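J.: Sharing my_file.cif below, mmCIF, C-alpha atoms:
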```
data_run
#
loop_
_atom_site.group_PDB
_atom_site.id
_atom_site.type_symbol
_atom_site.label_atom_id
_atom_site.label_comp_id
_atom_site.auth_asym_id
_atom_site.auth_seq_id
_atom_site.Cartn_x
_atom_site.Cartn_y
_atom_site.Cartn_z
ATOM 1 C CA GLY A 100 0.000 0.000 0.000
ATOM 2 C CA GLU A 101 0.844 3.659 0.011
ATOM 3 C CA GLN A 102 3.687 4.800 2.216
ATOM 4 C CA VAL A 103 4.148 8.411 3.162
ATOM 5 C CA GLU A 104 7.303 9.792 4.707
ATOM 6 C CA GLN A 105 7.437 13.280 6.129
ATOM 7 C CA ARG A 106 10.450 15.290 7.174
ATOM 8 C CA PRO A 107 11.694 16.880 9.253
ATOM 9 C CA PRO A 108 9.950 15.643 12.385
ATOM 10 C CA HIS A 109 10.906 18.832 14.207
ATOM 11 C CA LEU A 110 11.581 22.267 12.776
ATOM 12 C CA SER A 111 12.487 25.450 14.603
ATOM 13 C CA VAL A 112 12.693 28.783 12.761
ATOM 14 C CA ARG A 113 12.798 32.469 13.623
ATOM 15 C CA GLU A 114 9.844 34.733 12.951
ATOM 16 C CA GLY A 115 9.934 35.909 9.354
ATOM 17 C CA ASP A 116 11.984 32.947 8.134
ATOM 18 C CA SER A 117 10.719 30.300 5.751
ATOM 19 C CA ALA A 118 9.751 26.857 6.947
ATOM 20 C CA ILE A 119 9.714 23.980 4.488
ATOM 21 C CA ILE A 120 8.193 20.570 5.127
ATOM 22 C CA ILE A 121 8.480 17.722 2.654
ATOM 23 C CA CYS A 122 6.559 14.511 2.115
ATOM 24 C CA THR A 123 7.286 11.691 -0.252
ATOM 25 C CA TYR A 124 4.806 9.051 -1.259
ATOM 26 C CA THR A 125 4.992 5.784 -3.154
ATOM 27 C CA ASP A 126 1.756 5.296 -5.098
ATOM 28 C CA SER A 127 1.928 7.060 -8.451
ATOM 29 C CA ALA A 128 -1.876 6.817 -8.736
ATOM 30 C CA THR A 129 -2.292 9.145 -5.774
ATOM 31 C CA ALA A 130 -4.763 11.780 -6.833
ATOM 32 C CA TYR A 131 -5.290 14.297 -4.053
ATOM 33 C CA PHE A 132 -2.847 15.952 -1.725
ATOM 34 C CA SER A 133 -3.476 18.019 1.379
ATOM 35 C CA TRP A 134 -1.695 19.750 4.203
ATOM 36 C CA TYR A 135 -3.234 19.967 7.668
ATOM 37 C CA LYS A 136 -2.320 21.982 10.732
ATOM 38 C CA GLN A 137 -2.947 20.616 14.195
ATOM 39 C CA GLU A 138 -2.635 22.991 17.113
ATOM 40 C CA ALA A 139 -2.298 21.674 20.630
ATOM 41 C CA GLY A 140 -5.579 20.218 21.829
ATOM 42 C CA ALA A 141 -7.343 21.015 18.577
ATOM 43 C CA GLY A 142 -8.432 19.058 15.565
ATOM 44 C CA LEU A 143 -7.098 19.050 12.073
ATOM 45 C CA GLN A 144 -7.333 22.259 10.127
ATOM 46 C CA LEU A 145 -7.131 21.903 6.367
ATOM 47 C CA LEU A 146 -4.598 24.369 4.999
ATOM 48 C CA MET A 147 -4.561 23.569 1.318
ATOM 49 C CA SER A 148 -5.366 20.787 -1.090
ATOM 50 C CA VAL A 149 -4.148 20.182 -4.610
ATOM 51 C CA LEU A 150 -5.129 17.763 -7.312
ATOM 52 C CA SER A 151 -2.533 15.687 -9.092
ATOM 53 C CA ASN A 152 -2.661 17.976 -12.150
ATOM 54 C CA VAL A 153 -1.416 20.969 -10.136
ATOM 55 C CA ASP A 154 2.304 21.639 -9.700
ATOM 56 C CA ARG A 155 2.131 24.726 -7.537
ATOM 57 C CA LYS A 156 -0.457 26.477 -5.455
ATOM 58 C CA GLU A 157 -0.079 29.601 -3.326
ATOM 59 C CA GLU A 158 -2.485 30.961 -0.766
ATOM 60 C CA GLN A 159 -2.031 33.380 2.098
ATOM 61 C CA GLY A 160 1.669 32.922 2.677
ATOM 62 C CA LEU A 161 1.633 29.187 1.977
ATOM 63 C CA THR A 162 3.065 27.506 -1.091
ATOM 64 C CA VAL A 163 2.424 23.870 -1.962
ATOM 65 C CA LEU A 164 4.624 22.245 -4.588
ATOM 66 C CA LEU A 165 3.885 18.866 -6.126
ATOM 67 C CA ASN A 166 6.564 16.991 -8.019
ATOM 68 C CA LYS A 167 4.845 13.933 -9.448
ATOM 69 C CA LYS A 168 7.981 12.578 -11.057
ATOM 70 C CA ASP A 169 9.757 12.406 -7.708
ATOM 71 C CA LYS A 170 6.506 11.746 -5.791
ATOM 72 C CA ARG A 171 7.272 14.668 -3.508
ATOM 73 C CA LEU A 172 4.944 17.178 -1.920
ATOM 74 C CA SER A 173 6.167 20.215 -0.031
ATOM 75 C CA LEU A 174 4.708 22.970 2.091
ATOM 76 C CA ASN A 175 6.517 26.280 2.364
ATOM 77 C CA LEU A 176 5.506 28.856 4.943
ATOM 78 C CA THR A 177 7.179 31.883 3.390
ATOM 79 C CA ALA A 178 7.288 34.198 6.423
ATOM 80 C CA ALA A 179 6.491 32.213 9.531
ATOM 81 C CA HIS A 180 5.125 33.857 12.654
ATOM 82 C CA PRO A 181 4.631 32.451 16.161
ATOM 83 C CA GLY A 182 0.975 31.677 15.438
ATOM 84 C CA ASP A 183 2.152 29.131 12.891
ATOM 85 C CA SER A 184 3.612 26.976 15.650
ATOM 86 C CA ALA A 185 1.798 23.652 15.435
ATOM 87 C CA VAL A 186 2.117 20.148 14.056
ATOM 88 C CA TYR A 187 1.742 19.928 10.308
ATOM 89 C CA PHE A 188 0.651 16.789 8.475
ATOM 90 C CA CYS A 189 0.690 15.969 4.833
ATOM 91 C CA ALA A 190 -2.077 13.697 3.608
ATOM 92 C CA VAL A 191 -2.409 11.856 0.338
ATOM 93 C CA LYS A 192 -5.560 10.252 -0.922
ATOM 94 C CA ASN A 193 -5.325 7.290 -3.228
ATOM 95 C CA SER A 194 -7.729 6.030 -5.844
ATOM 96 C CA ASN A 195 -9.564 3.986 -3.179
ATOM 97 C CA ASN A 196 -10.364 7.238 -1.390
ATOM 98 C CA ARG A 197 -8.243 6.284 1.610
ATOM 99 C CA ILE A 198 -6.103 8.979 3.185
ATOM 100 C CA PHE A 199 -2.564 8.273 4.302
ATOM 101 C CA PHE A 200 -0.958 10.763 6.631
ATOM 102 C CA GLY A 201 2.660 11.642 7.180
ATOM 103 C CA ASP A 202 4.111 11.376 10.669
ATOM 104 C CA GLY A 203 3.809 15.096 11.259
ATOM 105 C CA THR A 204 6.279 17.942 11.694
ATOM 106 C CA GLN A 205 6.380 19.870 14.948
ATOM 107 C CA LEU A 206 7.026 23.469 13.882
ATOM 108 C CA VAL A 207 8.171 26.029 16.429
ATOM 109 C CA VAL A 208 8.394 29.650 15.336
ATOM 110 C CA LYS A 209 10.394 31.786 17.752
ATOM 111 C CA PRO A 210 9.804 35.538 18.041
ATOM 112 C CA GLY B 71 -17.919 26.532 7.476
ATOM 113 C CA PRO B 72 -19.306 23.046 7.917
ATOM 114 C CA LYS B 73 -18.252 21.399 11.138
ATOM 115 C CA VAL B 74 -17.917 17.865 12.405
ATOM 116 C CA LEU B 75 -18.549 17.618 16.134
ATOM 117 C CA GLN B 76 -17.165 14.893 18.333
ATOM 118 C CA ILE B 77 -18.513 14.071 21.745
ATOM 119 C CA PRO B 78 -16.956 13.754 24.258
ATOM 120 C CA SER B 79 -13.606 15.444 23.779
ATOM 121 C CA HIS B 80 -12.020 13.181 26.361
ATOM 122 C CA GLN B 81 -13.101 9.830 27.732
ATOM 123 C CA ILE B 82 -11.414 7.848 30.485
ATOM 124 C CA ILE B 83 -12.432 4.250 31.056
ATOM 125 C CA ASP B 84 -11.143 1.075 32.625
ATOM 126 C CA MET B 85 -9.759 -1.676 30.467
ATOM 127 C CA GLY B 86 -12.417 -4.184 29.497
ATOM 128 C CA GLN B 87 -15.258 -1.698 29.569
ATOM 129 C CA MET B 88 -17.252 -0.665 26.553
ATOM 130 C CA VAL B 89 -16.929 2.818 25.092
ATOM 131 C CA THR B 90 -18.871 4.637 22.413
ATOM 132 C CA LEU B 91 -17.396 7.614 20.629
ATOM 133 C CA ASN B 92 -19.921 9.908 19.024
ATOM 134 C CA CYS B 93 -19.580 11.953 15.884
ATOM 135 C CA ASP B 94 -22.049 14.450 14.497
ATOM 136 C CA PRO B 95 -21.013 14.769 10.844
ATOM 137 C CA VAL B 96 -21.755 17.624 8.480
ATOM 138 C CA SER B 97 -25.491 17.469 7.958
ATOM 139 C CA ASN B 98 -25.730 16.539 4.276
ATOM 140 C CA HIS B 99 -22.663 14.352 4.125
ATOM 141 C CA LEU B 100 -22.980 10.729 3.185
ATOM 142 C CA TYR B 101 -19.527 9.245 3.793
ATOM 143 C CA PHE B 102 -18.074 8.854 7.249
ATOM 144 C CA TYR B 103 -14.642 7.898 8.506
ATOM 145 C CA TRP B 104 -12.744 7.128 11.675
ATOM 146 C CA TYR B 105 -9.012 7.686 12.081
ATOM 147 C CA LYS B 106 -6.829 6.772 15.051
ATOM 148 C CA GLN B 107 -3.821 8.738 16.259
ATOM 149 C CA ILE B 108 -1.642 7.296 18.980
ATOM 150 C CA LEU B 109 0.275 10.016 20.829
ATOM 151 C CA GLY B 110 3.267 11.148 18.825
ATOM 152 C CA GLN B 111 2.425 8.978 15.842
ATOM 153 C CA GLN B 112 0.694 9.498 12.543
ATOM 154 C CA MET B 113 -3.020 9.299 12.020
ATOM 155 C CA GLU B 114 -4.132 5.991 10.620
ATOM 156 C CA PHE B 115 -7.271 4.998 8.807
ATOM 157 C CA LEU B 116 -9.669 2.736 10.645
ATOM 158 C CA VAL B 117 -12.858 2.530 8.638
ATOM 159 C CA ASN B 118 -15.164 4.254 6.213
ATOM 160 C CA PHE B 119 -18.931 3.931 6.146
ATOM 161 C CA TYR B 120 -21.605 4.682 3.589
ATOM 162 C CA ASN B 121 -25.279 3.883 3.269
ATOM 163 C CA GLY B 122 -25.343 1.937 6.500
ATOM 164 C CA LYS B 123 -22.407 -0.271 5.621
ATOM 165 C CA VAL B 124 -18.705 -0.504 6.256
ATOM 166 C CA MET B 125 -17.061 0.096 2.889
ATOM 167 C CA GLU B 126 -13.470 -0.471 3.851
ATOM 168 C CA LYS B 127 -11.571 -1.134 7.058
ATOM 169 C CA SER B 128 -7.930 -1.409 7.973
ATOM 170 C CA LYS B 129 -6.191 -4.029 10.049
ATOM 171 C CA LEU B 130 -6.410 -1.625 12.990
ATOM 172 C CA PHE B 131 -10.177 -2.066 12.967
ATOM 173 C CA LYS B 132 -10.246 -5.030 15.306
ATOM 174 C CA ASP B 133 -13.173 -7.363 15.909
ATOM 175 C CA GLN B 134 -13.885 -5.414 19.092
ATOM 176 C CA PHE B 135 -14.669 -2.333 16.993
ATOM 177 C CA SER B 136 -17.990 -1.568 15.395
ATOM 178 C CA VAL B 137 -19.539 1.446 13.704
ATOM 179 C CA GLU B 138 -23.078 2.491 12.992
ATOM 180 C CA ARG B 139 -25.228 5.492 12.267
ATOM 181 C CA PRO B 140 -28.742 4.598 13.303
ATOM 182 C CA ASP B 141 -31.459 6.679 11.656
ATOM 183 C CA GLY B 142 -29.164 9.491 10.624
ATOM 184 C CA SER B 143 -28.128 10.336 14.157
ATOM 185 C CA TYR B 144 -24.579 10.192 15.473
ATOM 186 C CA PHE B 145 -22.005 8.164 13.621
ATOM 187 C CA THR B 146 -20.561 6.047 16.402
ATOM 188 C CA LEU B 147 -17.457 4.000 17.030
ATOM 189 C CA LYS B 148 -17.950 1.374 19.691
ATOM 190 C CA ILE B 149 -15.120 -0.571 21.275
ATOM 191 C CA GLN B 150 -16.118 -3.580 23.334
ATOM 192 C CA PRO B 151 -14.138 -4.611 25.269
ATOM 193 C CA THR B 152 -11.450 -1.934 25.365
ATOM 194 C CA ALA B 153 -7.752 -2.708 25.674
ATOM 195 C CA LEU B 154 -4.833 -0.574 26.829
ATOM 196 C CA GLU B 155 -3.598 -0.186 23.261
ATOM 197 C CA ASP B 156 -6.876 1.464 22.309
ATOM 198 C CA SER B 157 -5.711 4.619 24.089
ATOM 199 C CA ALA B 158 -5.425 7.230 21.353
ATOM 200 C CA VAL B 159 -7.160 10.203 19.828
ATOM 201 C CA TYR B 160 -9.925 9.153 17.485
ATOM 202 C CA PHE B 161 -10.841 11.501 14.677
ATOM 203 C CA CYS B 162 -14.124 11.371 12.848
ATOM 204 C CA ALA B 163 -14.460 12.785 9.342
ATOM 205 C CA SER B 164 -17.183 13.132 6.774
ATOM 206 C CA SER B 165 -17.489 13.952 3.115
ATOM 207 C CA LEU B 166 -20.379 14.570 0.808
ATOM 208 C CA GLU B 167 -19.819 12.238 -2.109
ATOM 209 C CA GLY B 168 -16.745 10.189 -1.320
ATOM 210 C CA HIS B 169 -14.862 11.253 -4.422
ATOM 211 C CA THR B 170 -11.114 11.003 -4.581
ATOM 212 C CA ASN B 171 -10.705 14.736 -5.140
ATOM 213 C CA GLU B 172 -13.069 15.757 -2.397
ATOM 214 C CA ARG B 173 -11.913 17.070 0.951
ATOM 215 C CA LEU B 174 -12.772 15.456 4.217
ATOM 216 C CA PHE B 175 -14.023 17.519 7.138
ATOM 217 C CA PHE B 176 -12.458 16.400 10.395
ATOM 218 C CA GLY B 177 -13.706 16.737 13.939
ATOM 219 C CA HIS B 178 -11.463 17.842 16.783
ATOM 220 C CA GLY B 179 -10.976 14.322 17.999
ATOM 221 C CA THR B 180 -11.903 12.336 21.093
ATOM 222 C CA LYS B 181 -9.026 11.440 23.354
ATOM 223 C CA LEU B 182 -9.624 7.973 24.744
ATOM 224 C CA SER B 183 -7.635 6.924 27.791
ATOM 225 C CA VAL B 184 -7.933 3.262 28.745
ATOM 226 C CA LEU B 185 -6.579 2.575 32.224
#
```
Can the structure from this file be put into structure tokens for me?

T.:
Amino acid sequence: GEQVEQRPPHLSVREGDSAIIICTYTDSATAYFSWYKQEAGAGLQLLMSVLSNVDRKEEQGLTVLLNKKDKRLSLNLTAAHPGDSAVYFCAVKNSNNRIFFGDGTQLVVKP
Amino acid sequence: GPKVLQIPSHQIIDMGQMVTLNCDPVSNHLYFYWYKQILGQQMEFLVNFYNGKVMEKSKLFKDQFSVERPDGSYFTLKIQPTALEDSAVYFCASSLEGHTNERLFFGHGTKLSVL
């Protein structure tokens, strides 16, 4: 089945710096890709989703890149601020409509 | 926006007891899901449910687990009997049509502590 690897597991950046999180997946038939944010004690907040025919999507300081050849999905927070501190998960949905999550990245943004 | 509500947010029970986790999905959604997240680990798929039936389940969905949504009320996950390894956060999700390119709406999770 699908395997998703996410790195890094922990990331610490200064306010205003970029933070980049990367996921790789194995199933080339994967059709739908998402990034979620999970704050302490809260549920999953969908940040952005892209279909497999999209290479790049930008919204509100977030950039998602999809490299289908390398089966790599990335999330770039271009100017992080302390409110971005949370755990971030990538999620890929395969043709059977099952979602596979990465292990999560604990992001800490220091003032 | 549409919200999925999970009740309770935290449940503590003794090993061997039965527990029911409740999920109030988005009102017009037809597909329902449970995911399990052990502390510090990734979320893993348990089961999806449509039209009164389990469509797909993972190996984590043990025989002690069952799901139902009687008469359009809560979508429930029942564990009977519970085991220590069932301690985790359980996330419910729903979607309208179950398409591959359709987002899921997640609840905030129910933290289950089995003592």

J.: Which residues are close to Phe176 in chain B, i.e. within 9 Å by all atoms listed in the file, leaving aside same-chain residues fewer than 3 positions away? Reply as a list of chain:residue names.

T.: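 Answer for this query is A:Gly142, A:Leu143, A:Gln144, A:Leu145, B:Lys73, B:Val74, B:Leu75, B:Pro95, B:Tyr103, B:Phe161, B:Cys162, B:Ala163, B:Ser164, B:Gly179.
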
J.: Go through B:Lys148, B:His99, B:His80, B:Lys123 one by one, measure the shortest atom-to-atom distance of each to chain A using only C-alpha atoms, and give the residue with the smallest value.

T.: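 Between B:Lys148, B:His99, B:His80, B:Lys123, the residue approaching chain A most closely is B:His80.
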
J.: For Pro108 in chain A, which residue out of A:Val208, A:Tyr187, A:Lys192, A:Asn175 is the nearest one, using all atoms listed in the file?

T.: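 Distance minimum relative to Pro108 in chain A lands on A:Tyr187.
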
J.: Let me know the residues the PyMOL selection byres ((chain A and resi 113-124) around 9) catches in the file above, as a ChimeraX atom specification.

T.: /A:101-108,110-112,125-127,129,169-181,187-191,201,204,206-210

J.: What is the distance, in Å and to one decimal place, between CA of Ser165 in chain B and CA of Asn152 in chain A?

T.: 21.7 Å

J.: Could you list, as a PyMOL selection string, every residue of chain B that has an atom within 12 Å of an atom of chain A, counting all atoms listed in the file?

T.: chain B and resi 71+73-76+79-80+101-119+125-128+159-163+165+167-181

J.: Provide the CA of Pro72 in chain B to CA of Asn92 in chain B distance in Å, to one decimal place.

T.: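 So the answer is 17.2 Å.
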
J.: Between CA of Ala153 in chain B and CA of Val184 in chain B, what is the distance, to one decimal in Å?

T.: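 Between CA of Ala153 in chain B and CA of Val184 in chain B the gap works out to 6.7 Å.
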
J.: Expand the PyMOL selection byres ((chain B and resi 145) around 8) into the explicit residue set it covers here, and present it as a short mmCIF file (atom, residue, chain, number, x, y, z; two decimals) with C-alpha atoms, keeping the file's coordinate frame.

T.:
```cif
data_model
loop_
_atom_site.label_atom_id
_atom_site.label_comp_id
_atom_site.auth_asym_id
_atom_site.auth_seq_id
_atom_site.Cartn_x
_atom_site.Cartn_y
_atom_site.Cartn_z
CA ASN B 92 -19.92 9.91 19.02
CA CYS B 93 -19.58 11.95 15.88
CA ASP B 94 -22.05 14.45 14.50
CA PRO B 95 -21.01 14.77 10.84
CA PHE B 102 -18.07 8.85 7.25
CA VAL B 137 -19.54 1.45 13.70
CA GLU B 138 -23.08 2.49 12.99
CA ARG B 139 -25.23 5.49 12.27
CA PRO B 140 -28.74 4.60 13.30
CA GLY B 142 -29.16 9.49 10.62
CA SER B 143 -28.13 10.34 14.16
CA TYR B 144 -24.58 10.19 15.47
CA THR B 146 -20.56 6.05 16.40
CA LEU B 147 -17.46 4.00 17.03
#
```

J.: Between A:Ala139, A:Ser184, A:Trp134, A:Ala128, which residue has the minimum interatomic distance to Leu161 in chain A, considering all atoms listed in the file?

T.: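 Looking only at the distances to Leu161 in chain A, the closest residue turns out to be A:Trp134.
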
J.: May I have the residues at most 9 Å from (-5.3, 8.6, 31.0) in the file's coordinates, counting all atoms listed in the file, as an MDAnalysis selection string?

T.: chainID B and resid 81:83 157 181:185
